[in-house]
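Asks: Contents of my_file-v1.txt (compact mmCIF, N, CA and C atoms):
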```txt
# COMPACT_ATOMS: atom_id res chain seq x y z
N PRO W 1 -70.17 10.15 -65.11
CA PRO W 1 -69.10 10.91 -65.73
C PRO W 1 -69.54 12.32 -66.15
N ALA W 2 -70.75 12.47 -66.66
CA ALA W 2 -71.21 13.79 -67.08
C ALA W 2 -71.38 14.71 -65.87
N PHE W 3 -71.91 14.19 -64.78
CA PHE W 3 -72.08 14.99 -63.56
C PHE W 3 -70.71 15.48 -63.07
N ALA W 4 -69.73 14.60 -63.07
CA ALA W 4 -68.40 14.99 -62.62
C ALA W 4 -67.79 16.06 -63.50
N ALA W 5 -67.92 15.90 -64.80
CA ALA W 5 -67.31 16.85 -65.74
C ALA W 5 -68.03 18.18 -65.79
N LYS W 6 -69.34 18.16 -65.78
CA LYS W 6 -70.12 19.38 -65.99
C LYS W 6 -70.49 20.12 -64.71
N TRP W 7 -70.62 19.40 -63.59
CA TRP W 7 -71.05 20.06 -62.35
C TRP W 7 -69.98 20.03 -61.27
N LEU W 8 -69.44 18.86 -60.97
CA LEU W 8 -68.52 18.72 -59.84
C LEU W 8 -67.15 19.34 -60.10
N LEU W 9 -66.53 19.01 -61.19
CA LEU W 9 -65.18 19.48 -61.46
C LEU W 9 -65.04 21.01 -61.46
N PRO W 10 -65.99 21.76 -62.06
CA PRO W 10 -65.86 23.21 -62.00
C PRO W 10 -65.98 23.79 -60.58
N ARG W 11 -66.52 23.02 -59.63
CA ARG W 11 -66.70 23.50 -58.25
C ARG W 11 -65.67 22.92 -57.28
N LEU W 12 -64.89 21.98 -57.73
CA LEU W 12 -63.97 21.27 -56.84
C LEU W 12 -62.90 22.17 -56.25
N HIS W 13 -62.51 23.20 -56.96
CA HIS W 13 -61.47 24.09 -56.44
C HIS W 13 -61.92 24.83 -55.17
N PHE W 14 -63.24 25.06 -55.01
CA PHE W 14 -63.74 25.68 -53.78
C PHE W 14 -63.48 24.77 -52.58
N CYS W 15 -63.69 23.49 -52.76
CA CYS W 15 -63.44 22.51 -51.70
C CYS W 15 -61.94 22.47 -51.36
N GLN W 16 -61.11 22.50 -52.37
CA GLN W 16 -59.66 22.48 -52.15
C GLN W 16 -59.18 23.72 -51.40
N GLU W 17 -59.81 24.86 -51.64
CA GLU W 17 -59.44 26.09 -50.93
C GLU W 17 -59.78 25.98 -49.45
N ILE W 18 -60.93 25.40 -49.15
CA ILE W 18 -61.38 25.27 -47.76
C ILE W 18 -60.62 24.16 -47.04
N CYS W 19 -60.42 23.05 -47.70
CA CYS W 19 -59.78 21.87 -47.10
C CYS W 19 -58.48 21.57 -47.83
N SER W 20 -57.52 22.45 -47.76
CA SER W 20 -56.29 22.31 -48.54
C SER W 20 -55.46 21.08 -48.15
N GLN W 21 -55.66 20.54 -46.95
CA GLN W 21 -54.92 19.37 -46.52
C GLN W 21 -55.56 18.05 -46.97
N THR W 22 -56.73 18.14 -47.61
CA THR W 22 -57.44 16.96 -48.05
C THR W 22 -57.08 16.63 -49.49
N SER W 23 -56.75 15.38 -49.73
CA SER W 23 -56.43 14.92 -51.07
C SER W 23 -57.71 14.43 -51.76
N VAL W 24 -57.91 14.85 -52.99
CA VAL W 24 -59.09 14.45 -53.76
C VAL W 24 -58.63 13.68 -54.98
N ASN W 25 -59.17 12.48 -55.14
CA ASN W 25 -58.91 11.66 -56.31
C ASN W 25 -60.26 11.41 -56.96
N LEU W 26 -60.50 11.98 -58.12
CA LEU W 26 -61.78 11.89 -58.80
C LEU W 26 -61.73 10.77 -59.83
N ASN W 27 -62.65 9.82 -59.68
CA ASN W 27 -62.75 8.68 -60.58
C ASN W 27 -64.17 8.67 -61.13
N THR W 28 -64.33 8.62 -62.44
CA THR W 28 -65.67 8.76 -63.02
C THR W 28 -66.24 7.46 -63.59
N ASN W 29 -65.78 6.32 -63.11
CA ASN W 29 -66.34 5.08 -63.64
C ASN W 29 -67.71 4.78 -63.03
N LEU W 30 -68.45 3.89 -63.64
CA LEU W 30 -69.80 3.55 -63.20
C LEU W 30 -69.87 2.18 -62.54
N LYS W 31 -68.74 1.59 -62.25
CA LYS W 31 -68.70 0.25 -61.66
C LYS W 31 -69.16 0.29 -60.20
N PRO W 32 -69.69 -0.84 -59.70
CA PRO W 32 -70.04 -0.91 -58.27
C PRO W 32 -68.80 -0.66 -57.41
N VAL W 33 -69.02 -0.10 -56.22
CA VAL W 33 -67.92 0.31 -55.35
C VAL W 33 -67.89 -0.56 -54.10
N ASN W 34 -66.69 -1.00 -53.72
CA ASN W 34 -66.47 -1.68 -52.45
C ASN W 34 -65.63 -0.72 -51.61
N PHE W 35 -66.27 -0.05 -50.65
CA PHE W 35 -65.60 0.98 -49.87
C PHE W 35 -64.38 0.46 -49.13
N THR W 36 -64.44 -0.75 -48.62
CA THR W 36 -63.34 -1.31 -47.83
C THR W 36 -62.14 -1.64 -48.70
N GLU W 37 -62.36 -2.36 -49.79
CA GLU W 37 -61.25 -2.79 -50.64
C GLU W 37 -60.64 -1.64 -51.43
N GLN W 38 -61.45 -0.69 -51.84
CA GLN W 38 -60.96 0.39 -52.69
C GLN W 38 -60.60 1.65 -51.92
N ARG W 39 -60.81 1.66 -50.63
CA ARG W 39 -60.50 2.80 -49.77
C ARG W 39 -61.12 4.09 -50.31
N ILE W 40 -62.41 4.04 -50.56
CA ILE W 40 -63.16 5.17 -51.08
C ILE W 40 -64.00 5.76 -49.95
N ASP W 41 -64.05 7.08 -49.86
CA ASP W 41 -64.82 7.76 -48.82
C ASP W 41 -66.20 8.20 -49.29
N ILE W 42 -66.30 8.67 -50.53
CA ILE W 42 -67.55 9.24 -51.04
C ILE W 42 -67.80 8.74 -52.46
N VAL W 43 -69.05 8.40 -52.74
CA VAL W 43 -69.48 8.02 -54.08
C VAL W 43 -70.72 8.83 -54.41
N ILE W 44 -70.78 9.37 -55.60
CA ILE W 44 -71.97 10.09 -56.06
C ILE W 44 -72.61 9.24 -57.15
N ARG W 45 -73.84 8.85 -56.90
CA ARG W 45 -74.58 8.01 -57.85
C ARG W 45 -75.98 8.57 -58.05
N ILE W 46 -76.58 8.22 -59.17
CA ILE W 46 -77.97 8.58 -59.43
C ILE W 46 -78.85 7.49 -58.84
N GLY W 47 -79.94 7.88 -58.22
CA GLY W 47 -80.86 6.90 -57.64
C GLY W 47 -81.63 7.50 -56.49
N VAL W 48 -82.42 6.65 -55.83
CA VAL W 48 -83.26 7.12 -54.73
C VAL W 48 -82.55 7.07 -53.39
N GLY W 49 -81.42 6.42 -53.29
CA GLY W 49 -80.63 6.44 -52.06
C GLY W 49 -81.14 5.59 -50.94
N ASN W 50 -81.88 4.55 -51.23
CA ASN W 50 -82.39 3.69 -50.15
C ASN W 50 -81.45 2.52 -49.89
N ARG W 51 -80.23 2.81 -49.55
CA ARG W 51 -79.23 1.79 -49.21
C ARG W 51 -79.22 1.62 -47.69
N GLN W 52 -79.35 0.39 -47.23
CA GLN W 52 -79.44 0.15 -45.78
C GLN W 52 -78.10 0.31 -45.08
N VAL W 53 -77.02 -0.02 -45.74
CA VAL W 53 -75.70 0.01 -45.10
C VAL W 53 -75.06 1.39 -45.21
N LEU W 54 -75.42 2.15 -46.22
CA LEU W 54 -74.79 3.43 -46.48
C LEU W 54 -75.70 4.59 -46.08
N SER W 55 -75.11 5.75 -45.95
CA SER W 55 -75.86 6.97 -45.70
C SER W 55 -75.96 7.72 -47.02
N ALA W 56 -77.16 8.14 -47.40
CA ALA W 56 -77.36 8.84 -48.66
C ALA W 56 -77.94 10.22 -48.42
N GLU W 57 -77.52 11.18 -49.23
CA GLU W 57 -78.02 12.54 -49.13
C GLU W 57 -78.27 13.07 -50.54
N LYS W 58 -79.44 13.65 -50.75
CA LYS W 58 -79.79 14.20 -52.05
C LYS W 58 -78.97 15.46 -52.31
N LEU W 59 -78.34 15.51 -53.48
CA LEU W 59 -77.54 16.67 -53.84
C LEU W 59 -78.31 17.66 -54.71
N ILE W 60 -78.91 17.16 -55.77
CA ILE W 60 -79.60 18.04 -56.72
C ILE W 60 -80.80 17.32 -57.33
N ASP W 61 -81.74 18.11 -57.87
CA ASP W 61 -82.81 17.56 -58.69
C ASP W 61 -82.28 17.41 -60.10
N GLU W 62 -82.89 16.51 -60.85
CA GLU W 62 -82.43 16.28 -62.21
C GLU W 62 -83.63 16.27 -63.16
N GLU W 63 -83.45 16.85 -64.32
CA GLU W 63 -84.45 16.81 -65.37
C GLU W 63 -83.85 16.08 -66.57
N LEU W 64 -84.57 15.11 -67.09
CA LEU W 64 -84.11 14.35 -68.24
C LEU W 64 -84.98 14.66 -69.45
N TYR W 65 -84.37 14.75 -70.61
CA TYR W 65 -85.08 15.05 -71.84
C TYR W 65 -84.66 14.04 -72.91
N THR W 66 -85.61 13.68 -73.75
CA THR W 66 -85.32 12.82 -74.88
C THR W 66 -84.97 13.71 -76.07
N LEU W 67 -83.84 13.45 -76.69
CA LEU W 67 -83.39 14.22 -77.83
C LEU W 67 -83.18 13.29 -79.01
N CYS W 68 -83.54 13.75 -80.18
CA CYS W 68 -83.38 12.95 -81.40
C CYS W 68 -82.75 13.82 -82.49
N SER W 69 -82.08 13.17 -83.40
CA SER W 69 -81.57 13.89 -84.56
C SER W 69 -82.14 13.23 -85.81
N PRO W 70 -82.26 13.96 -86.88
CA PRO W 70 -82.85 13.38 -88.10
C PRO W 70 -82.00 12.25 -88.68
```
Step by step, read the file and then write its structure as structure tokens.

Replies:
Amino acid sequence: PAFAAKWLLPRLHFCQEICSQTSVNLNTNLKPVNFTEQRIDIVIRIGVGNRQVLSAEKLIDEELYTLCSP
């Protein structure tokens, strides 16, 4: 959900300008996806991408930090 809100959504209008005939439905849940039953074309997930049935492509590097408050 954070990736969609902070990175993807601000850039989505560029895709719509190029592919105006393509419909985009953005869903930010973290549940497992069944491509056949849910009629989903693309899923963006965090991980190493070693899925045998699917094709995976690295989008960005990520840095994680531990934050604490008093």

Asks: Rounded to one decimal in Å, what is the spacing between atom N of W:Pro1 and atom N of W:Asn29?

Replies: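 Interatomic distance here is 6.2 Å.
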
Asks: Please, what distance in Å, to one decimal, runs between atom C of W:Asp41 and atom CA of W:Lys6?

Replies: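 We find that atom C of W:Asp41 and atom CA of W:Lys6 lie 20.5 Å from each other.
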
Asks: Which distance in Å separates atom CA of W:Glu62 and atom CA of W:Ile42, to one decimal?

Replies: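 Separation of atom CA of W:Glu62 and atom CA of W:Ile42: 19.9 Å.
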
Asks: Under the rule that all atoms listed in the file are counted, which of W:Thr36, W:Leu59, W:Gly47, W:Asn27 is the nearest residue to W:Ala4?

Replies: W:Asn27

Asks: Find the smallest box with edges along x, y and z containing every listed atom of stretch 50-65 of chain W, then add 5 Å on each side and report centre and edge lengths in Å to one decimal, as AutoDock Vina command-line options.

Replies:
```
--center_x -79.9 --center_y 9.0 --center_z -59.0 --size_x 20.3 --size_y 28.1 --size_z 37.8
```

Asks: So that I can check the secondary structure, give me every residue of chain W assigned helix (DSSP H, G or I) by backbone DSSP, as a PyMOL selection string.

Replies: chain W and resi 2-18+35-38

Asks: When you count only C-alpha atoms, which of these residues is closest to W:Ala2: W:Thr22, W:Ile46, W:Pro32, W:Cys15?

Replies: W:Ile46

Asks: Pick out the closest residue to W:Lys58 from this set: W:Val33, W:Ile44, W:Ala5, W:Ile18. Count only C-alpha atoms.

Replies: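 Closest residue, counting only C-alpha atoms: W:Ile44.
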
Asks: Counting only C-alpha atoms, which residue out of W:Thr66, W:Asn34, W:Thr28, W:Arg39 sits closest to W:Leu54?

Replies: W:Asn34

Asks: Find the residue from W:Ile60, W:Val48, W:Val53, W:Leu12 that sits nearest to W:Val24; use only C-alpha atoms when measuring.

Replies: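 Closest candidate: W:Leu12.
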